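Novice: What follows is a single structure, and I will ask about it in a moment.
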Amino acid sequence: MKSKIRQTLAKLGYYTKPDFIIIGAQKSGTTGLFDILDKHSCIASSAMKEVHYFDNDEWFNNNKIFEYHSVFPLPYKLNAKSKAFEASPMYIYHPEVASRLHHYNPNLKLILSLREPAQRAFSAWTMYHHHFKTGKYSYLHDPRTFSEAIAEEIIGIEKESYYTNPISYVKRGIYHLQIEKYLEYFKKEQLLIFEANTLRKQPDQVLKTIQDFIDVPHEKLDFISSNSSKLNEKDKYKNDIISLQEFYKPYNEKLFNLLGERYDWNSNE
């Protein structure tokens, strides 16, 4: 009932728009970051973490923006300094989202957490292979081994796109191409990009940087870890992970050149 009321109010022009969005990357600590920022007195989250409006082609093309706005707190619940946000990690990978977001609000601020791509790919495979066997996401279950999945993807990676393989363990880790797409529409100053492990190792520093970036008063925020899998088959697929790290090296160099900084991605975390 409350959702219907908020949708009606949104249609009438009474709604809140996000000031910033966490756009990715998948399996890079975005759930933990969402939960941490939601504890700030001047930061207001969407009703659910992953709204997926701008990467849901059917929803977006039906122009149901009022439904999107209805997931944010109503204006009367916010103060003058409040910043609203959501976090949908698919936004960095979907090829149309950058242009859609710019058309929606060219002044948006965007946050991107990047995880070492081979480890990110393995974590994603663990989710799709093990955790989606049953339940509401069972239609996304991937029965392949990690070895099979990455071998098949690398063979056809030049032809692969979001539309042919939205899971895309390997191509999602070619970050520079995705960031370059955003830089076609947004100024570099509108993107805050950091390496995922720094949030875990230096939470106060990263969270202060984020608060400065979105222009809210500094508050001490406790670190909250993302949900981590209890399954650990890294030893079983150690050689595949090492091979994948070798595959990513030239792409990582392009990323480092684009960002003007380097990440220590030569270890197994």
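A note on labels: chains of the structure tokens are A, B, ... as shown, every chain counts residues from 1, and ligands are counted from 1 in their shown order.
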Please identify all polymer residues within 12 Å of stretch 51-60 of chain A, counting only C-alpha atoms, omitting same-chain residues fewer than 3 positions from it, and present them as a VMD selection string.
Specialist: chain A and resid 18 21 to 24 45 to 48 63 to 72 85 to 104 162 to 163 166
Novice: Save out the residues we just selected, N, CA and C atoms, as a short mmCIF file (atom, residue, chain, number, x, y, z; two decimals), in the first residue's frame.
Specialist:
data_model
loop_
_atom_site.label_atom_id
_atom_site.label_comp_id
_atom_site.auth_asym_id
_atom_site.auth_seq_id
_atom_site.Cartn_x
_atom_site.Cartn_y
_atom_site.Cartn_z
N PRO A 18 17.81 10.41 -6.67
CA PRO A 18 19.14 10.11 -6.11
C PRO A 18 20.16 11.19 -6.47
N ILE A 21 24.97 7.46 -7.08
CA ILE A 21 24.66 6.05 -7.31
C ILE A 21 25.95 5.24 -7.27
N ILE A 22 25.89 4.12 -6.58
CA ILE A 22 27.00 3.15 -6.64
C ILE A 22 26.73 2.29 -7.87
N ILE A 23 27.60 2.37 -8.87
CA ILE A 23 27.33 1.71 -10.16
C ILE A 23 28.05 0.37 -10.30
N GLY A 24 28.82 -0.06 -9.32
CA GLY A 24 29.49 -1.35 -9.41
C GLY A 24 30.79 -1.33 -8.62
N SER A 45 19.03 5.88 1.74
CA SER A 45 19.11 4.83 0.73
C SER A 45 17.77 4.56 0.09
N SER A 46 17.82 3.88 -1.04
CA SER A 46 16.61 3.37 -1.69
C SER A 46 16.05 2.25 -0.83
N ALA A 47 14.80 1.89 -1.08
CA ALA A 47 14.13 0.87 -0.27
C ALA A 47 14.80 -0.49 -0.38
N MET A 48 15.40 -0.77 -1.53
CA MET A 48 16.19 -1.98 -1.72
C MET A 48 17.52 -1.57 -2.32
N ASN A 63 9.15 3.69 -19.55
CA ASN A 63 9.19 5.03 -18.96
C ASN A 63 8.44 5.10 -17.63
N LYS A 64 8.67 4.10 -16.78
CA LYS A 64 8.01 4.10 -15.48
C LYS A 64 8.92 4.73 -14.43
N ILE A 65 9.34 5.95 -14.73
CA ILE A 65 10.26 6.64 -13.83
C ILE A 65 9.62 6.90 -12.48
N PHE A 66 8.30 7.03 -12.45
CA PHE A 66 7.61 7.26 -11.18
C PHE A 66 7.79 6.06 -10.25
N GLU A 67 7.87 4.85 -10.83
CA GLU A 67 8.12 3.67 -10.01
C GLU A 67 9.53 3.71 -9.42
N TYR A 68 10.47 4.18 -10.21
CA TYR A 68 11.84 4.32 -9.74
C TYR A 68 11.90 5.31 -8.58
N HIS A 69 11.30 6.46 -8.76
CA HIS A 69 11.35 7.48 -7.71
C HIS A 69 10.64 7.03 -6.44
N SER A 70 9.69 6.12 -6.57
CA SER A 70 8.92 5.70 -5.40
C SER A 70 9.74 4.85 -4.42
N VAL A 71 10.92 4.39 -4.83
CA VAL A 71 11.73 3.57 -3.91
C VAL A 71 12.60 4.43 -3.01
N PHE A 72 12.59 5.75 -3.20
CA PHE A 72 13.38 6.65 -2.36
C PHE A 72 12.49 7.31 -1.31
N PHE A 85 20.48 7.84 -2.44
CA PHE A 85 21.29 7.02 -3.34
C PHE A 85 20.72 5.62 -3.48
N GLU A 86 21.22 4.92 -4.47
CA GLU A 86 20.96 3.49 -4.66
C GLU A 86 22.26 2.85 -5.12
N ALA A 87 22.23 1.52 -5.26
CA ALA A 87 23.44 0.80 -5.70
C ALA A 87 23.03 -0.38 -6.57
N SER A 88 23.31 -0.28 -7.87
CA SER A 88 23.00 -1.35 -8.81
C SER A 88 24.27 -1.68 -9.59
N PRO A 89 25.00 -2.74 -9.20
CA PRO A 89 26.28 -3.05 -9.83
C PRO A 89 26.21 -3.36 -11.33
N MET A 90 25.04 -3.69 -11.83
CA MET A 90 24.92 -3.92 -13.27
C MET A 90 25.11 -2.64 -14.07
N TYR A 91 24.96 -1.48 -13.43
CA TYR A 91 25.02 -0.22 -14.16
C TYR A 91 26.36 -0.01 -14.85
N ILE A 92 27.44 -0.48 -14.27
CA ILE A 92 28.74 -0.27 -14.91
C ILE A 92 28.88 -1.12 -16.16
N TYR A 93 28.22 -2.25 -16.22
CA TYR A 93 28.44 -3.17 -17.34
C TYR A 93 27.43 -3.02 -18.47
N HIS A 94 26.21 -2.66 -18.15
CA HIS A 94 25.19 -2.51 -19.20
C HIS A 94 25.60 -1.37 -20.14
N PRO A 95 25.62 -1.60 -21.44
CA PRO A 95 26.17 -0.60 -22.38
C PRO A 95 25.36 0.67 -22.54
N GLU A 96 24.09 0.68 -22.13
CA GLU A 96 23.25 1.85 -22.32
C GLU A 96 23.09 2.70 -21.07
N VAL A 97 23.53 2.20 -19.93
CA VAL A 97 23.23 2.89 -18.68
C VAL A 97 23.92 4.24 -18.57
N ALA A 98 25.16 4.35 -19.02
CA ALA A 98 25.86 5.64 -18.91
C ALA A 98 25.08 6.75 -19.59
N SER A 99 24.62 6.52 -20.80
CA SER A 99 23.86 7.55 -21.51
C SER A 99 22.51 7.80 -20.85
N ARG A 100 21.89 6.74 -20.35
CA ARG A 100 20.59 6.90 -19.68
C ARG A 100 20.72 7.72 -18.41
N LEU A 101 21.76 7.45 -17.63
CA LEU A 101 21.97 8.20 -16.39
C LEU A 101 22.28 9.67 -16.70
N HIS A 102 23.06 9.90 -17.73
CA HIS A 102 23.40 11.29 -18.08
C HIS A 102 22.17 12.05 -18.52
N HIS A 103 21.32 11.40 -19.28
CA HIS A 103 20.07 12.04 -19.71
C HIS A 103 19.17 12.31 -18.51
N TYR A 104 19.17 11.40 -17.57
CA TYR A 104 18.36 11.55 -16.36
C TYR A 104 18.86 12.70 -15.50
N TYR A 162 26.85 -7.52 -23.26
CA TYR A 162 25.88 -7.66 -22.18
C TYR A 162 24.67 -8.46 -22.66
N TYR A 163 24.26 -8.21 -23.88
CA TYR A 163 23.03 -8.83 -24.38
C TYR A 163 23.22 -10.30 -24.73
N PRO A 166 24.86 -11.62 -20.02
CA PRO A 166 24.83 -10.65 -18.92
C PRO A 166 25.61 -11.10 -17.70
#
Novice: Find the residues around A:Ile36 up to 10 Å (only C-alpha atoms counted), leave out those fewer than 4 positions away in its own chain, and share them as a PDB file with C-alpha atoms, in the first residue's frame.
Specialist:
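Output saved as selection-v1.pdb:
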ATOM      1  CA  THR A  30      28.912  -2.823  -2.910  1.00  0.00           C
ATOM      2  CA  THR A  31      26.483  -4.471  -0.470  1.00  0.00           C
ATOM      3  CA  GLY A  32      28.695  -3.650   2.487  1.00  0.00           C
ATOM      4  CA  HIS A  40      24.906   8.141   7.949  1.00  0.00           C
ATOM      5  CA  LEU A 207      34.598   6.573   3.917  1.00  0.00           C
ATOM      6  CA  LEU A 221      30.815   5.022  10.235  1.00  0.00           C
ATOM      7  CA  ASP A 222      31.433   1.456  11.315  1.00  0.00           C
ATOM      8  CA  PHE A 223      32.724  -0.939   8.700  1.00  0.00           C
ATOM      9  CA  ILE A 224      30.194  -3.559   7.580  1.00  0.00           C
ATOM     10  CA  SER A 225      31.428  -6.498   5.540  1.00  0.00           C
ATOM     11  CA  SER A 226      29.553  -7.719   2.484  1.00  0.00           C
TER      12      SER A 226
END
Novice: If I take atom CA of A:Asn107 and atom CA of A:Arg6, how far is one from the other in Å, to one decimal?
Specialist: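 Distance reported for this atom pair: 24.5 Å.
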Novice: Which of these, A:Lys81, A:Lys238, A:Lys188, A:Lys220, has the shortest distance to A:Leu258 once you count only C-alpha atoms?
Specialist: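 Comparing A:Lys81, A:Lys238, A:Lys188, A:Lys220 against A:Leu258, the winner is A:Lys188.
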Novice: Can you work out the spacing between atom CA of A:Leu110 and atom CA of A:Leu191 in Å, to one decimal?
Specialist: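 That distance, rounded to one decimal, is 4.8 Å.
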Novice: Skipping near chain neighbours, those fewer than 6 positions away, what residues fall within 12 Å of A:Gly173 using only C-alpha atoms, listed as a ChimeraX atom specification?
Specialist: /A:24-28,92-93,113-124,150,154,157,167,179,244-245,247-252,255
Novice: With distances taken over only C-alpha atoms, which of A:Pro75, A:Leu183, A:Val206, A:Gln211 is nearest to A:Ala10?
Specialist: A:Pro75
Novice: What's around A:Ala151 at 12 Å? Count only C-alpha atoms, leave out sequence neighbours fewer than 5 positions away in its own chain, and write the answer as a list of chain:residue names.
Specialist: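 In the requested format, the answer is A:Arg144, A:Thr145, A:Phe146, A:Gly156, A:Ile157, A:Ser168, A:Tyr169, A:Val170, A:Asp240, A:Ile241, A:Ser243, A:Leu244, A:Phe247.
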Novice: Just write the chosen residues, N, CA, C and O atoms, as a PDB file, in the first residue's frame.
Specialist:
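Contents of part-v5.pdb, freshly written:
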ATOM      1  N   ARG A 144      28.022 -25.051 -15.030  1.00  0.00           N
ATOM      2  CA  ARG A 144      29.387 -25.306 -15.472  1.00  0.00           C
ATOM      3  C   ARG A 144      30.388 -25.171 -14.327  1.00  0.00           C
ATOM      4  O   ARG A 144      30.156 -24.456 -13.362  1.00  0.00           O
ATOM      5  N   THR A 145      31.505 -25.868 -14.463  1.00  0.00           N
ATOM      6  CA  THR A 145      32.621 -25.635 -13.547  1.00  0.00           C
ATOM      7  C   THR A 145      33.218 -24.270 -13.876  1.00  0.00           C
ATOM      8  O   THR A 145      32.981 -23.698 -14.954  1.00  0.00           O
ATOM      9  N   PHE A 146      34.019 -23.747 -12.960  1.00  0.00           N
ATOM     10  CA  PHE A 146      34.679 -22.465 -13.217  1.00  0.00           C
ATOM     11  C   PHE A 146      35.604 -22.580 -14.426  1.00  0.00           C
ATOM     12  O   PHE A 146      35.642 -21.675 -15.276  1.00  0.00           O
ATOM     13  N   GLY A 156      35.002 -16.748 -26.999  1.00  0.00           N
ATOM     14  CA  GLY A 156      34.099 -15.865 -27.750  1.00  0.00           C
ATOM     15  C   GLY A 156      34.039 -14.454 -27.219  1.00  0.00           C
ATOM     16  O   GLY A 156      33.065 -13.732 -27.477  1.00  0.00           O
ATOM     17  N   ILE A 157      35.086 -14.014 -26.518  1.00  0.00           N
ATOM     18  CA  ILE A 157      34.995 -12.750 -25.803  1.00  0.00           C
ATOM     19  C   ILE A 157      34.882 -11.540 -26.720  1.00  0.00           C
ATOM     20  O   ILE A 157      34.269 -10.525 -26.369  1.00  0.00           O
ATOM     21  N   SER A 168      28.650 -12.912 -17.698  1.00  0.00           N
ATOM     22  CA  SER A 168      29.960 -12.454 -18.167  1.00  0.00           C
ATOM     23  C   SER A 168      31.022 -12.351 -17.075  1.00  0.00           C
ATOM     24  O   SER A 168      31.433 -11.275 -16.690  1.00  0.00           O
ATOM     25  N   TYR A 169      31.479 -13.501 -16.620  1.00  0.00           N
ATOM     26  CA  TYR A 169      32.507 -13.512 -15.579  1.00  0.00           C
ATOM     27  C   TYR A 169      33.770 -12.775 -16.000  1.00  0.00           C
ATOM     28  O   TYR A 169      34.338 -12.003 -15.237  1.00  0.00           O
ATOM     29  N   VAL A 170      34.198 -13.009 -17.225  1.00  0.00           N
ATOM     30  CA  VAL A 170      35.487 -12.477 -17.672  1.00  0.00           C
ATOM     31  C   VAL A 170      35.380 -11.038 -18.166  1.00  0.00           C
ATOM     32  O   VAL A 170      36.134 -10.163 -17.735  1.00  0.00           O
ATOM     33  N   ASP A 240      43.377 -21.968 -12.604  1.00  0.00           N
ATOM     34  CA  ASP A 240      42.483 -21.184 -13.460  1.00  0.00           C
ATOM     35  C   ASP A 240      42.522 -19.710 -13.066  1.00  0.00           C
ATOM     36  O   ASP A 240      42.520 -18.827 -13.938  1.00  0.00           O
ATOM     37  N   ILE A 241      42.569 -19.440 -11.779  1.00  0.00           N
ATOM     38  CA  ILE A 241      42.620 -18.056 -11.312  1.00  0.00           C
ATOM     39  C   ILE A 241      43.936 -17.404 -11.730  1.00  0.00           C
ATOM     40  O   ILE A 241      43.952 -16.260 -12.212  1.00  0.00           O
ATOM     41  N   SER A 243      45.808 -18.247 -14.307  1.00  0.00           N
ATOM     42  CA  SER A 243      45.749 -18.058 -15.765  1.00  0.00           C
ATOM     43  C   SER A 243      44.902 -16.840 -16.117  1.00  0.00           C
ATOM     44  O   SER A 243      45.234 -16.070 -17.032  1.00  0.00           O
ATOM     45  N   LEU A 244      43.827 -16.671 -15.385  1.00  0.00           N
ATOM     46  CA  LEU A 244      42.950 -15.530 -15.639  1.00  0.00           C
ATOM     47  C   LEU A 244      43.637 -14.221 -15.261  1.00  0.00           C
ATOM     48  O   LEU A 244      43.483 -13.203 -15.954  1.00  0.00           O
ATOM     49  N   PHE A 247      45.729 -13.324 -18.108  1.00  0.00           N
ATOM     50  CA  PHE A 247      44.875 -12.816 -19.187  1.00  0.00           C
ATOM     51  C   PHE A 247      44.563 -11.332 -18.977  1.00  0.00           C
ATOM     52  O   PHE A 247      44.538 -10.544 -19.939  1.00  0.00           O
TER      53      PHE A 247
END
Novice: Please extract the residues of stretch 6-205 of chain A with a backbone DSSP assignment of alpha helix (DSSP H) and present them as a compact mmCIF listing (two decimals) with N, CA, C and O atoms, in the first residue's frame.
Specialist:
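Resulting contents of selection-v2.txt:
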# COMPACT_ATOMS: atom_id res chain seq x y z
N ARG A 6 3.36 6.06 -2.67
CA ARG A 6 4.56 6.75 -3.12
C ARG A 6 4.59 6.89 -4.65
O ARG A 6 5.03 7.90 -5.18
N GLN A 7 4.12 5.86 -5.36
CA GLN A 7 4.06 5.94 -6.81
C GLN A 7 3.09 7.03 -7.26
O GLN A 7 3.37 7.79 -8.20
N THR A 8 1.96 7.12 -6.58
CA THR A 8 0.98 8.15 -6.92
C THR A 8 1.56 9.54 -6.66
O THR A 8 1.42 10.45 -7.49
N LEU A 9 2.22 9.70 -5.53
CA LEU A 9 2.84 10.99 -5.23
C LEU A 9 3.95 11.32 -6.23
O LEU A 9 4.10 12.49 -6.62
N ALA A 10 4.71 10.29 -6.65
CA ALA A 10 5.76 10.51 -7.64
C ALA A 10 5.17 10.99 -8.95
O ALA A 10 5.73 11.87 -9.62
N LYS A 11 4.03 10.41 -9.35
CA LYS A 11 3.36 10.84 -10.58
C LYS A 11 2.94 12.30 -10.48
O LYS A 11 2.92 13.03 -11.48
N THR A 30 29.94 -3.86 -2.82
CA THR A 30 28.91 -2.82 -2.91
C THR A 30 27.80 -3.00 -1.87
O THR A 30 27.22 -2.02 -1.42
N THR A 31 27.51 -4.25 -1.48
CA THR A 31 26.48 -4.47 -0.47
C THR A 31 26.92 -3.91 0.88
O THR A 31 26.17 -3.22 1.57
N GLY A 32 28.17 -4.20 1.25
CA GLY A 32 28.69 -3.65 2.49
C GLY A 32 28.71 -2.13 2.47
O GLY A 32 28.33 -1.48 3.45
N LEU A 33 29.14 -1.54 1.34
CA LEU A 33 29.20 -0.09 1.23
C LEU A 33 27.81 0.53 1.32
O LEU A 33 27.61 1.56 1.98
N PHE A 34 26.84 -0.10 0.69
CA PHE A 34 25.46 0.37 0.75
C PHE A 34 24.99 0.41 2.21
O PHE A 34 24.41 1.40 2.67
N ASP A 35 25.24 -0.65 2.93
CA ASP A 35 24.81 -0.75 4.33
C ASP A 35 25.53 0.26 5.22
O ASP A 35 24.94 0.83 6.14
N ILE A 36 26.81 0.48 4.95
CA ILE A 36 27.59 1.44 5.73
C ILE A 36 27.04 2.86 5.53
O ILE A 36 26.77 3.58 6.50
N LEU A 37 26.89 3.26 4.28
CA LEU A 37 26.45 4.62 3.99
C LEU A 37 25.04 4.89 4.49
O LEU A 37 24.70 6.02 4.86
N ASP A 57 15.85 -3.04 -19.37
CA ASP A 57 15.42 -2.43 -20.64
C ASP A 57 13.90 -2.31 -20.74
O ASP A 57 13.38 -1.29 -21.20
N GLU A 58 13.19 -3.34 -20.31
CA GLU A 58 11.73 -3.30 -20.41
C GLU A 58 11.14 -2.22 -19.50
O GLU A 58 10.30 -1.43 -19.91
N TRP A 59 11.60 -2.20 -18.26
CA TRP A 59 11.12 -1.22 -17.29
C TRP A 59 11.47 0.19 -17.75
O TRP A 59 10.63 1.10 -17.74
N PHE A 60 12.73 0.38 -18.18
CA PHE A 60 13.17 1.70 -18.61
C PHE A 60 12.42 2.16 -19.85
O PHE A 60 11.97 3.31 -19.94
N ASN A 61 12.27 1.27 -20.83
CA ASN A 61 11.61 1.65 -22.08
C ASN A 61 10.13 1.93 -21.91
O ASN A 61 9.52 2.63 -22.73
N ILE A 65 9.34 5.95 -14.73
CA ILE A 65 10.26 6.64 -13.83
C ILE A 65 9.62 6.90 -12.48
O ILE A 65 10.29 6.96 -11.45
N PHE A 66 8.30 7.03 -12.45
CA PHE A 66 7.61 7.26 -11.18
C PHE A 66 7.79 6.06 -10.25
O PHE A 66 7.85 6.22 -9.03
N GLU A 67 7.87 4.85 -10.83
CA GLU A 67 8.12 3.67 -10.01
C GLU A 67 9.53 3.71 -9.42
O GLU A 67 9.75 3.32 -8.28
N TYR A 68 10.47 4.18 -10.21
CA TYR A 68 11.84 4.32 -9.74
C TYR A 68 11.90 5.31 -8.58
O TYR A 68 12.47 5.02 -7.53
N HIS A 69 11.30 6.46 -8.76
CA HIS A 69 11.35 7.48 -7.71
C HIS A 69 10.64 7.03 -6.44
O HIS A 69 10.98 7.49 -5.34
N VAL A 97 23.53 2.20 -19.93
CA VAL A 97 23.23 2.89 -18.68
C VAL A 97 23.92 4.24 -18.57
O VAL A 97 23.33 5.21 -18.07
N ALA A 98 25.16 4.35 -19.02
CA ALA A 98 25.86 5.64 -18.91
C ALA A 98 25.08 6.75 -19.59
O ALA A 98 24.89 7.83 -19.01
N SER A 99 24.62 6.52 -20.80
CA SER A 99 23.86 7.55 -21.51
C SER A 99 22.51 7.80 -20.85
O SER A 99 22.04 8.94 -20.79
N ARG A 100 21.89 6.74 -20.35
CA ARG A 100 20.59 6.90 -19.68
C ARG A 100 20.72 7.72 -18.41
O ARG A 100 19.89 8.60 -18.13
N LEU A 101 21.76 7.45 -17.63
CA LEU A 101 21.97 8.20 -16.39
C LEU A 101 22.28 9.67 -16.70
O LEU A 101 21.82 10.57 -15.99
N HIS A 102 23.06 9.90 -17.73
CA HIS A 102 23.40 11.29 -18.08
C HIS A 102 22.17 12.05 -18.52
O HIS A 102 21.98 13.23 -18.17
N HIS A 103 21.32 11.40 -19.28
CA HIS A 103 20.07 12.04 -19.71
C HIS A 103 19.17 12.31 -18.51
O HIS A 103 18.49 13.34 -18.44
N TYR A 104 19.17 11.40 -17.57
CA TYR A 104 18.36 11.55 -16.36
C TYR A 104 18.86 12.70 -15.50
O TYR A 104 18.09 13.53 -15.03
N PRO A 117 40.15 -8.47 -10.99
CA PRO A 117 39.15 -9.09 -11.86
C PRO A 117 39.08 -10.61 -11.86
O PRO A 117 38.00 -11.18 -12.04
N ALA A 118 40.20 -11.30 -11.65
CA ALA A 118 40.14 -12.77 -11.62
C ALA A 118 39.41 -13.24 -10.36
O ALA A 118 38.58 -14.17 -10.42
N GLN A 119 39.70 -12.60 -9.24
CA GLN A 119 39.01 -12.94 -8.00
C GLN A 119 37.53 -12.56 -8.08
O GLN A 119 36.66 -13.27 -7.56
N ARG A 120 37.25 -11.44 -8.73
CA ARG A 120 35.86 -11.02 -8.90
C ARG A 120 35.10 -12.05 -9.73
O ARG A 120 33.95 -12.42 -9.41
N ALA A 121 35.73 -12.53 -10.81
CA ALA A 121 35.11 -13.54 -11.67
C ALA A 121 34.82 -14.82 -10.90
O ALA A 121 33.75 -15.42 -11.03
N PHE A 122 35.78 -15.24 -10.09
CA PHE A 122 35.59 -16.47 -9.31
C PHE A 122 34.47 -16.30 -8.29
O PHE A 122 33.65 -17.21 -8.09
N SER A 123 34.40 -15.15 -7.65
CA SER A 123 33.35 -14.89 -6.68
C SER A 123 31.98 -14.89 -7.35
O SER A 123 31.00 -15.41 -6.80
N ALA A 124 31.90 -14.31 -8.54
CA ALA A 124 30.64 -14.29 -9.28
C ALA A 124 30.22 -15.70 -9.67
O ALA A 124 29.05 -16.09 -9.54
N TRP A 125 31.19 -16.48 -10.14
CA TRP A 125 30.87 -17.87 -10.51
C TRP A 125 30.38 -18.65 -9.28
O TRP A 125 29.41 -19.42 -9.38
N THR A 126 31.00 -18.45 -8.13
CA THR A 126 30.56 -19.13 -6.91
C THR A 126 29.10 -18.82 -6.62
O THR A 126 28.32 -19.70 -6.24
N PHE A 146 34.02 -23.75 -12.96
CA PHE A 146 34.68 -22.47 -13.22
C PHE A 146 35.60 -22.58 -14.43
O PHE A 146 35.64 -21.67 -15.28
N SER A 147 36.30 -23.68 -14.53
CA SER A 147 37.21 -23.90 -15.67
C SER A 147 36.45 -23.84 -16.98
O SER A 147 36.88 -23.19 -17.96
N GLU A 148 35.32 -24.54 -17.05
CA GLU A 148 34.51 -24.55 -18.27
C GLU A 148 33.97 -23.16 -18.59
O GLU A 148 34.00 -22.73 -19.76
N ALA A 149 33.49 -22.48 -17.57
CA ALA A 149 32.85 -21.18 -17.79
C ALA A 149 33.82 -20.16 -18.37
O ALA A 149 33.51 -19.48 -19.36
N ILE A 150 35.01 -20.05 -17.78
CA ILE A 150 35.92 -19.01 -18.26
C ILE A 150 36.54 -19.40 -19.60
O ILE A 150 36.80 -18.53 -20.44
N ALA A 151 36.76 -20.70 -19.82
CA ALA A 151 37.32 -21.14 -21.11
C ALA A 151 36.35 -20.82 -22.23
O ALA A 151 36.75 -20.31 -23.29
N GLU A 152 35.07 -21.10 -22.03
CA GLU A 152 34.06 -20.83 -23.05
C GLU A 152 33.94 -19.33 -23.31
O GLU A 152 33.81 -18.90 -24.46
N GLU A 153 34.01 -18.55 -22.26
CA GLU A 153 33.84 -17.12 -22.44
C GLU A 153 35.03 -16.50 -23.17
O GLU A 153 34.86 -15.65 -24.05
N ILE A 154 36.24 -16.89 -22.81
CA ILE A 154 37.41 -16.30 -23.44
C ILE A 154 37.44 -16.60 -24.94
O ILE A 154 37.83 -15.75 -25.74
N ILE A 155 37.00 -17.78 -25.32
CA ILE A 155 36.98 -18.14 -26.75
C ILE A 155 36.13 -17.15 -27.55
O ILE A 155 36.50 -16.74 -28.65
N TYR A 175 37.73 -3.57 -17.03
CA TYR A 175 37.11 -2.37 -16.48
C TYR A 175 37.31 -1.12 -17.33
O TYR A 175 36.43 -0.25 -17.36
N HIS A 176 38.46 -0.99 -17.97
CA HIS A 176 38.74 0.28 -18.65
C HIS A 176 37.71 0.58 -19.73
O HIS A 176 37.35 1.75 -19.94
N LEU A 177 37.22 -0.44 -20.41
CA LEU A 177 36.23 -0.21 -21.46
C LEU A 177 34.93 0.33 -20.88
O LEU A 177 34.28 1.20 -21.48
N GLN A 178 34.55 -0.17 -19.71
CA GLN A 178 33.31 0.27 -19.08
C GLN A 178 33.43 1.69 -18.55
O GLN A 178 32.50 2.50 -18.68
N ILE A 179 34.59 2.00 -17.97
CA ILE A 179 34.80 3.35 -17.44
C ILE A 179 34.89 4.36 -18.57
O ILE A 179 34.38 5.48 -18.47
N GLU A 180 35.56 3.98 -19.66
CA GLU A 180 35.65 4.88 -20.81
C GLU A 180 34.27 5.25 -21.34
O GLU A 180 34.05 6.38 -21.78
N LYS A 181 33.35 4.31 -21.28
CA LYS A 181 31.98 4.58 -21.71
C LYS A 181 31.35 5.67 -20.85
O LYS A 181 30.69 6.59 -21.35
N TYR A 182 31.58 5.60 -19.55
CA TYR A 182 31.03 6.62 -18.66
C TYR A 182 31.69 7.97 -18.88
O TYR A 182 31.04 9.02 -18.77
N LEU A 183 32.98 7.95 -19.20
CA LEU A 183 33.69 9.21 -19.41
C LEU A 183 33.29 9.90 -20.71
O LEU A 183 33.63 11.06 -20.93
N ALA A 196 38.61 -2.16 -4.21
CA ALA A 196 37.70 -2.71 -3.20
C ALA A 196 38.38 -3.03 -1.88
O ALA A 196 37.81 -2.80 -0.81
N ASN A 197 39.60 -3.55 -1.91
CA ASN A 197 40.27 -3.95 -0.67
C ASN A 197 40.60 -2.77 0.23
O ASN A 197 40.77 -2.94 1.45
N THR A 198 40.68 -1.56 -0.34
CA THR A 198 41.02 -0.41 0.49
C THR A 198 39.89 -0.09 1.47
O THR A 198 40.15 0.44 2.56
N LEU A 199 38.66 -0.40 1.11
CA LEU A 199 37.55 -0.17 2.04
C LEU A 199 37.68 -1.07 3.25
O LEU A 199 37.38 -0.66 4.37
N ARG A 200 38.14 -2.29 3.02
CA ARG A 200 38.32 -3.23 4.13
C ARG A 200 39.56 -2.90 4.96
O ARG A 200 39.53 -3.00 6.19
N LYS A 201 40.63 -2.49 4.29
CA LYS A 201 41.89 -2.25 4.99
C LYS A 201 41.98 -0.84 5.58
O LYS A 201 42.63 -0.64 6.62
N PRO A 203 39.10 1.59 6.11
CA PRO A 203 37.71 2.04 6.02
C PRO A 203 37.51 3.51 6.35
O PRO A 203 36.75 4.21 5.65
N ASP A 204 38.16 4.02 7.38
CA ASP A 204 37.97 5.41 7.77
C ASP A 204 38.39 6.36 6.65
O ASP A 204 37.69 7.34 6.35
N GLN A 205 39.53 6.06 6.05
CA GLN A 205 40.04 6.92 4.98
C GLN A 205 39.12 6.91 3.77
O GLN A 205 38.78 7.96 3.21
Novice: How many Å separate atom CA of A:Ile5 from atom CA of A:Pro73?
Specialist: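 Computing the Euclidean distance for atom CA of A:Ile5 and atom CA of A:Pro73 yields 12.0 Å.
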Novice: My list of candidates is A:Asn62, A:Thr164, A:Ser82, A:Ser3. Which is closest to A:Val216 when distances are computed with only C-alpha atoms?
Specialist: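 Nearest to A:Val216: A:Ser82.
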Novice: Env of A:Asp142: 8 Å cut, atoms = only C-alpha atoms, seq-sep filter 6 positions within chain, self excluded. Answer as number ranges by chain.
Specialist: A: 125, 128-129, 132
